[in-house]
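Read the structure below first, then the notes.
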Amino acid sequence: MSLDAVLSRIDADLPAATDRLLNLLRIKSISTDPAYKADCDAAADWLVEDLKSLGVDAAKRPTPGHPMVVGHVAGDGPHLLFYGHYDVQPVDPLNLWHRDPFDPEVQDTPKGPVIRARGASDDKGQLMTFVEACRAWKAETGTLPCRITFFFEGEEESGSPSLIPFMKENAAELTADVALICDTGLFDEQTPAITTMLRGMLGEELTIKAATRDLHSGMYGGVAMNPIRVLSKVLAGLHDETGRVTVPGFYDGVPELSNQIAAQWADLNFDHESFLGNVGLSVPAGEQDRTPLEMIWSRPTCEVNGIWGGYTGDGFKTVLPAEAHAKISFRLVGTQDPHAIRESFRDYVKSCLPEDVEVEFKGYGASPASQMSIENPVFEPSRKALSDEWPKPAAYVGCGGSIPIAGHFKTILGMDAMLIGFGKEDDQLHSPNEKYDMESFHKGIRSWARVLDALTK
């Protein structure tokens, strides 16, 4: 089989591939709103029928929420599992959309044509890049290149409540040599990426309490402890003057970059001044002995996300509040233990409390980081395959956010995940006027064909 023949087939079939994606985008598969349950079912049915047209043994599988789509193709060589999600975010505020978000179209822009619709980039367009690569392979050769399991979820945008139980119940069926996830992006317009680091997440809310009621600041000011004063001291002490987090034991399990990854990141020539300048900032505020890319991808963080207490309305009210509140999130890396950090953080807060003051805590999630080993033999051939399609060599990168499914594949199914996506920074994910560049769609399909070729040789 000639890879060139498959790539030529992809080029010739691009108009039909685009039409198929537009049809999928017309389905209003908003998973968070029960009013769209039938639409989510319809999207799952659409994918089942599309996979069947490729000779895939596909079926819609029920869950307590929206259905999963699972399909299998037998074959020789490696067993690959491809994951994507067919559900989309709500479209609010609708008045900020320039057209109906479920009436997709290809639009010309100064930077080239884009597909404009809810779900165009997250994740229907990305999902279909892999399906279309398989379609071209099947059309050109009569078969798919290896054993493949397709696994499409319908609740990713609503917290994936059915995902873990379904994976555990069907672990034997879903386990493969490696999982492929197409829910990430390019490093920049010309540089493809394989994401190998995903930060974990820990959320904490604390309430500092002092007096039994709000107090008049003229009568009690100076003699009564103010919870906002206590809270301010707690929050100010979370970082030292160099930007390091001071919670005891916080850096346990934080790895150093390998020389290979550090060199790749240096070659990316990340322009942090432009990155920060886009949001009106200029100076990196993290650990001062780290590069900006390390701050975003490979270092843990502690951020205050909200503070409130006392009177915040119009005018002025001289009050000492009885309570003060804050929400704090930690992004975690390596093998940091979110549960140990939670306990250490709470102990730190308690150690800061003076007499007459108490604290209450409320936890929000505790997920560890995911880190994929590039020593896995699928990674380097895939990186080279991507490099052949794009102007600049592909890089192994980190991700400041969290993609829980990658960790679930590791902890539940015992397999690494390779995250390859073609989204761009300006795709406006979760926002009005979401788009997916035609270049991302076209070259994404070609990229997957190259990766499949590399992994099956």
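As shown in the structure tokens, the chain order sets the letters A, B, ...; within each chain, residues go from 1, and ligands are also counted from 1 in the order they appear.
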
Show me, as a PDB file with C-alpha atoms, in the first residue's frame, the residues that have an atom within 12 Å of region 274-284 of chain A when counting only C-alpha atoms, minus same-chain residues fewer than 4 positions from it.
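Final output, out27.pdb:
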```
ATOM      1  CA  ASP A 188       1.296  27.096  16.917  1.00  0.00           C
ATOM      2  CA  THR A 242      10.134  34.005  44.316  1.00  0.00           C
ATOM      3  CA  GLY A 243       6.719  32.592  43.424  1.00  0.00           C
ATOM      4  CA  ASN A 269      10.935  29.732  20.961  1.00  0.00           C
ATOM      5  CA  PHE A 270       7.827  30.462  23.006  1.00  0.00           C
ATOM      6  CA  GLN A 288      11.292  32.830  39.007  1.00  0.00           C
ATOM      7  CA  ASP A 289      13.886  30.132  38.322  1.00  0.00           C
ATOM      8  CA  ARG A 290      11.623  28.483  35.711  1.00  0.00           C
ATOM      9  CA  THR A 291      10.911  29.274  32.082  1.00  0.00           C
ATOM     10  CA  PRO A 292       7.426  30.482  31.113  1.00  0.00           C
ATOM     11  CA  LEU A 293       6.663  27.183  29.342  1.00  0.00           C
ATOM     12  CA  GLU A 294       7.628  25.259  32.470  1.00  0.00           C
ATOM     13  CA  MET A 295       5.315  27.495  34.488  1.00  0.00           C
ATOM     14  CA  ILE A 296       2.420  26.620  32.165  1.00  0.00           C
ATOM     15  CA  GLU A 425      -5.715  29.018  20.044  1.00  0.00           C
ATOM     16  CA  ASP A 426      -8.356  31.156  18.362  1.00  0.00           C
TER      17      ASP A 426
END
```

- Query: Contacts of region 255-257 of chain A at 8 Å or less, counting only C-alpha atoms, minus same-chain residues fewer than 4 places along, as JSON, numbers by chain?
  - Reply: {"A": [261, 262, 298, 333, 334]}

Would you save the residues from that selection as an mmCIF file, in the first residue's frame, using N, CA and C atoms?
```cif
data_model
loop_
_atom_site.group_PDB
_atom_site.id
_atom_site.type_symbol
_atom_site.label_atom_id
_atom_site.label_comp_id
_atom_site.auth_asym_id
_atom_site.auth_seq_id
_atom_site.Cartn_x
_atom_site.Cartn_y
_atom_site.Cartn_z
ATOM 1 N N ILE A 261 13.253 16.740 26.517
ATOM 2 C CA ILE A 261 12.075 17.593 26.509
ATOM 3 C C ILE A 261 12.466 19.058 26.689
ATOM 4 N N ALA A 262 13.406 19.323 27.568
ATOM 5 C CA ALA A 262 13.842 20.705 27.782
ATOM 6 C C ALA A 262 14.394 21.307 26.492
ATOM 7 N N SER A 298 4.699 22.253 33.148
ATOM 8 C CA SER A 298 5.325 21.202 33.960
ATOM 9 C C SER A 298 5.502 21.557 35.424
ATOM 10 N N VAL A 333 1.225 18.250 39.077
ATOM 11 C CA VAL A 333 2.041 17.605 38.052
ATOM 12 C C VAL A 333 2.689 16.358 38.641
ATOM 13 N N GLY A 334 3.313 15.568 37.754
ATOM 14 C CA GLY A 334 4.086 14.398 38.194
ATOM 15 C C GLY A 334 3.258 13.450 39.030
#
```

Mind checking which residues fall within 9 Å of Phe102 (chain A), counting only C-alpha atoms, ignoring those fewer than 3 positions away in the same chain, and posting them as a VMD selection string? chain A and resid 25 to 28 99 117 to 119

Please, which residues in region 141-161 of chain A fall within 8 Å of region 69-77 of chain A when counting only C-alpha atoms, and what is the closest atom pair and distance in Å to one decimal for each, ordered by chain then residue number, as CSV?
```
residue,atom,partner,partner_atom,distance
A:Leu144,CA,A:Gly75,CA,7.6
A:Pro145,CA,A:Gly75,CA,7.2
A:Cys146,CA,A:Gly75,CA,4.5
A:Arg147,CA,A:Gly75,CA,4.2
A:Ile148,CA,A:Val73,CA,5.2
A:Thr149,CA,A:His72,CA,4.6
A:Phe150,CA,A:Gly71,CA,4.9
A:Phe151,CA,A:Val70,CA,4.8
A:Phe152,CA,A:Val69,CA,4.9
A:Glu153,CA,A:Val69,CA,6.6
```

query: Do you know which residues are at most 9 Å from region 339-354 of chain A counting only C-alpha atoms, after dropping those on the same chain fewer than 3 positions away, and could you put them as a PyMOL selection string?
result: chain A and resi 202-204+206+208+225+230-231+233-235+247-250+336+357-359+361+363+366-367

- Task: Do a neighbour search on Lys384 (chain A) at 12 Å with only C-alpha atoms, toss out local chain neighbours closer than 3 positions, and write the hits as number ranges by chain.
- Result: A: 192-194, 378-381, 387-390, 392-396, 447, 450-455

Okay, now the selection with N, CA and C atoms, as an mmCIF file, in the first residue's frame?
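Ended up saving to part.cif:
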```cif
data_model
loop_
_atom_site.group_PDB
_atom_site.id
_atom_site.type_symbol
_atom_site.label_atom_id
_atom_site.label_comp_id
_atom_site.auth_asym_id
_atom_site.auth_seq_id
_atom_site.Cartn_x
_atom_site.Cartn_y
_atom_site.Cartn_z
ATOM 1 N N PRO A 192 2.944 20.968 14.921
ATOM 2 C CA PRO A 192 2.066 19.981 15.567
ATOM 3 C C PRO A 192 2.646 19.552 16.904
ATOM 4 N N ALA A 193 1.811 18.926 17.707
ATOM 5 C CA ALA A 193 2.242 18.582 19.057
ATOM 6 C C ALA A 193 1.632 17.260 19.498
ATOM 7 N N ILE A 194 2.384 16.557 20.337
ATOM 8 C CA ILE A 194 1.861 15.399 21.070
ATOM 9 C C ILE A 194 1.918 15.768 22.541
ATOM 10 N N VAL A 378 5.326 3.805 20.520
ATOM 11 C CA VAL A 378 4.425 4.449 19.559
ATOM 12 C C VAL A 378 4.701 5.950 19.426
ATOM 13 N N PHE A 379 5.387 6.530 20.394
ATOM 14 C CA PHE A 379 5.474 7.992 20.439
ATOM 15 C C PHE A 379 6.406 8.572 19.375
ATOM 16 N N GLU A 380 7.634 8.093 19.291
ATOM 17 C CA GLU A 380 8.579 8.728 18.379
ATOM 18 C C GLU A 380 8.205 8.532 16.909
ATOM 19 N N PRO A 381 7.749 7.343 16.477
ATOM 20 C CA PRO A 381 7.279 7.229 15.087
ATOM 21 C C PRO A 381 6.117 8.176 14.785
ATOM 22 N N SER A 387 5.589 15.353 11.853
ATOM 23 C CA SER A 387 6.577 16.298 11.327
ATOM 24 C C SER A 387 6.599 16.298 9.807
ATOM 25 N N ASP A 388 6.290 15.144 9.207
ATOM 26 C CA ASP A 388 6.289 15.053 7.741
ATOM 27 C C ASP A 388 5.132 15.825 7.111
ATOM 28 N N GLU A 389 4.075 16.090 7.888
ATOM 29 C CA GLU A 389 2.888 16.740 7.335
ATOM 30 C C GLU A 389 2.902 18.257 7.526
ATOM 31 N N TRP A 390 3.545 18.733 8.580
ATOM 32 C CA TRP A 390 3.467 20.151 8.938
ATOM 33 C C TRP A 390 4.790 20.853 8.656
ATOM 34 N N LYS A 392 6.789 22.623 10.487
ATOM 35 C CA LYS A 392 7.822 22.518 11.519
ATOM 36 C C LYS A 392 7.728 21.165 12.231
ATOM 37 N N PRO A 393 8.853 20.686 12.796
ATOM 38 C CA PRO A 393 8.841 19.384 13.472
ATOM 39 C C PRO A 393 7.870 19.361 14.652
ATOM 40 N N ALA A 394 7.230 18.234 14.852
ATOM 41 C CA ALA A 394 6.333 18.060 15.992
ATOM 42 C C ALA A 394 7.126 18.031 17.287
ATOM 43 N N ALA A 395 6.482 18.474 18.360
ATOM 44 C CA ALA A 395 7.132 18.515 19.664
ATOM 45 C C ALA A 395 6.272 17.804 20.695
ATOM 46 N N TYR A 396 6.944 17.241 21.703
ATOM 47 C CA TYR A 396 6.241 16.752 22.882
ATOM 48 C C TYR A 396 5.979 17.950 23.790
ATOM 49 N N SER A 447 -2.657 13.888 8.711
ATOM 50 C CA SER A 447 -1.752 13.553 9.815
ATOM 51 C C SER A 447 -2.063 12.190 10.394
ATOM 52 N N ARG A 450 -0.833 9.455 8.201
ATOM 53 C CA ARG A 450 0.608 9.256 8.366
ATOM 54 C C ARG A 450 0.925 8.508 9.656
ATOM 55 N N VAL A 451 0.216 8.857 10.737
ATOM 56 C CA VAL A 451 0.451 8.172 12.012
ATOM 57 C C VAL A 451 0.074 6.699 11.907
ATOM 58 N N LEU A 452 -1.076 6.408 11.301
ATOM 59 C CA LEU A 452 -1.485 5.010 11.118
ATOM 60 C C LEU A 452 -0.452 4.243 10.290
ATOM 61 N N ASP A 453 0.063 4.877 9.256
ATOM 62 C CA ASP A 453 1.092 4.246 8.448
ATOM 63 C C ASP A 453 2.339 3.947 9.274
ATOM 64 N N ALA A 454 2.743 4.923 10.105
ATOM 65 C CA ALA A 454 3.959 4.749 10.906
ATOM 66 C C ALA A 454 3.783 3.646 11.954
ATOM 67 N N LEU A 455 2.595 3.573 12.545
ATOM 68 C CA LEU A 455 2.378 2.606 13.616
ATOM 69 C C LEU A 455 2.134 1.191 13.118
#
```

Inset, instruction - For each of A:Ile30, A:Ala322, A:Leu413, A:Leu180, take the minimum atom-to-atom distance to Asp122 (chain A), counting only C-alpha atoms, then give the residue where this is smallest. - result: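 Checking each of A:Ile30, A:Ala322, A:Leu413, A:Leu180 against Asp122 (chain A), counting only C-alpha atoms, the winner is A:Ile30.
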
* To do: Work out how far CA of Leu54 (chain A) is from CA of Leu21 (chain A), in Å to one decimal.
  =>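 Pair CA of Leu21 (chain A) / CA of Leu54 (chain A) returns 15.6 Å.
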
Next on the checklist: Can you tell me which residues surround region 4-12 of chain A at a distance of at most 10 Å, considering only C-alpha atoms, apart from same-chain residues fewer than 5 positions away, and format the answer as a VMD selection string?
Outcome noted: chain A and resid 17 132 to 141 442 to 443 445 to 447 449 to 450 453

Next, the residues of the selection above should be written as a compact mmCIF listing (two decimals), in the first residue's frame with N, CA and C atoms.
```txt
# COMPACT_ATOMS: atom_id res chain seq x y z
N ALA A 17 -15.91 14.91 2.75
CA ALA A 17 -15.60 14.81 4.18
C ALA A 17 -16.15 16.03 4.92
N GLU A 132 -12.17 10.11 9.11
CA GLU A 132 -11.95 10.33 7.68
C GLU A 132 -10.64 9.73 7.21
N ALA A 133 -9.63 9.72 8.06
CA ALA A 133 -8.37 9.04 7.69
C ALA A 133 -8.62 7.56 7.49
N CYS A 134 -9.43 6.97 8.38
CA CYS A 134 -9.76 5.55 8.23
C CYS A 134 -10.59 5.32 6.97
N ARG A 135 -11.49 6.26 6.65
CA ARG A 135 -12.33 6.12 5.46
C ARG A 135 -11.46 6.09 4.19
N ALA A 136 -10.49 7.00 4.14
CA ALA A 136 -9.61 7.04 2.97
C ALA A 136 -8.78 5.76 2.87
N TRP A 137 -8.33 5.28 4.01
CA TRP A 137 -7.54 4.05 4.02
C TRP A 137 -8.37 2.88 3.50
N LYS A 138 -9.62 2.81 3.99
CA LYS A 138 -10.51 1.72 3.56
C LYS A 138 -10.82 1.84 2.07
N ALA A 139 -11.08 3.04 1.60
CA ALA A 139 -11.41 3.23 0.19
C ALA A 139 -10.25 2.86 -0.72
N GLU A 140 -9.03 3.10 -0.26
CA GLU A 140 -7.87 2.88 -1.10
C GLU A 140 -7.38 1.43 -1.05
N THR A 141 -7.57 0.78 0.11
CA THR A 141 -6.98 -0.56 0.30
C THR A 141 -8.01 -1.66 0.50
N HIS A 442 -8.27 19.38 7.21
CA HIS A 442 -7.63 18.69 6.09
C HIS A 442 -6.30 18.07 6.52
N LYS A 443 -5.42 18.88 7.10
CA LYS A 443 -4.12 18.35 7.49
C LYS A 443 -4.24 17.41 8.68
N ILE A 445 -6.66 15.14 9.01
CA ILE A 445 -6.94 13.85 8.38
C ILE A 445 -5.66 13.24 7.81
N ARG A 446 -4.90 14.04 7.08
CA ARG A 446 -3.64 13.57 6.50
C ARG A 446 -2.65 13.15 7.60
N SER A 447 -2.66 13.89 8.71
CA SER A 447 -1.75 13.55 9.81
C SER A 447 -2.06 12.19 10.39
N ALA A 449 -3.53 9.73 8.88
CA ALA A 449 -3.13 8.71 7.91
C ALA A 449 -1.64 8.42 8.02
N ARG A 450 -0.83 9.45 8.20
CA ARG A 450 0.61 9.26 8.37
C ARG A 450 0.93 8.51 9.66
N ASP A 453 0.06 4.88 9.26
CA ASP A 453 1.09 4.25 8.45
C ASP A 453 2.34 3.95 9.27
```

Two-atom distance - CA of Ala59 (chain A), CA of Ala176 (chain A) (Å)
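Pair CA of Ala59 (chain A) / CA of Ala176 (chain A) returns 18.4 Å.
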
List the spatial neighbours of Ser373 (chain A) as a tab-separated table (two decimals) with N, CA and C atoms, in the first residue's frame - criterion: any atom at most 10 Å away, only C-alpha atoms, same-chain residues fewer than 5 positions off excluded.
```tsv
chain	number	residue	atom	x	y	z
A	196	THR	N	2.07	15.18	26.30
A	196	THR	CA	2.51	14.07	27.15
A	196	THR	C	2.35	14.37	28.64
A	197	MET	N	1.97	15.61	28.97
A	197	MET	CA	1.80	15.98	30.37
A	197	MET	C	0.47	16.70	30.53
A	379	PHE	N	5.39	6.53	20.39
A	379	PHE	CA	5.47	7.99	20.44
A	379	PHE	C	6.41	8.57	19.38
A	416	ASP	N	-1.17	3.61	28.09
A	416	ASP	CA	-0.82	5.01	27.86
A	416	ASP	C	-1.76	5.60	26.82
A	417	ALA	N	-1.85	6.92	26.84
A	417	ALA	CA	-2.63	7.66	25.85
A	417	ALA	C	-1.71	8.60	25.09
A	418	MET	N	-1.97	8.74	23.82
A	418	MET	CA	-1.23	9.68	22.98
A	418	MET	C	-2.21	10.74	22.52
```

CA of Asn23 (chain A) to CA of Ile420 (chain A), distance in Å rounded to a single decimal: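 Those two atoms sit 23.9 Å apart.
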
*Find the residue from A:Asp214, A:Ala44, A:Cys399, A:His98 that sits nearest to Ala58 (chain A); use only C-alpha atoms when measuring.*
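Using only C-alpha atoms, the shortest distance to Ala58 (chain A) belongs to A:Ala44.
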
Check the smallest atom-to-atom distance from each of A:Lys124, A:Lys168, A:Lys111, A:Arg199 to Tyr83 (chain A) using only C-alpha atoms, then report the winner.
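With only C-alpha atoms as the atom set, the closest residue is A:Lys124.
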
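The closest residue to Thr411 (chain A), picked from A:Pro64, A:Pro368, A:Gly398, A:Pro391 and counting only C-alpha atoms, is A:Pro368.
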
With distances taken over only C-alpha atoms, the candidate from A:Gly423, A:Glu205, A:Arg244, A:Asp108 nearest Ala285 (chain A) is A:Arg244
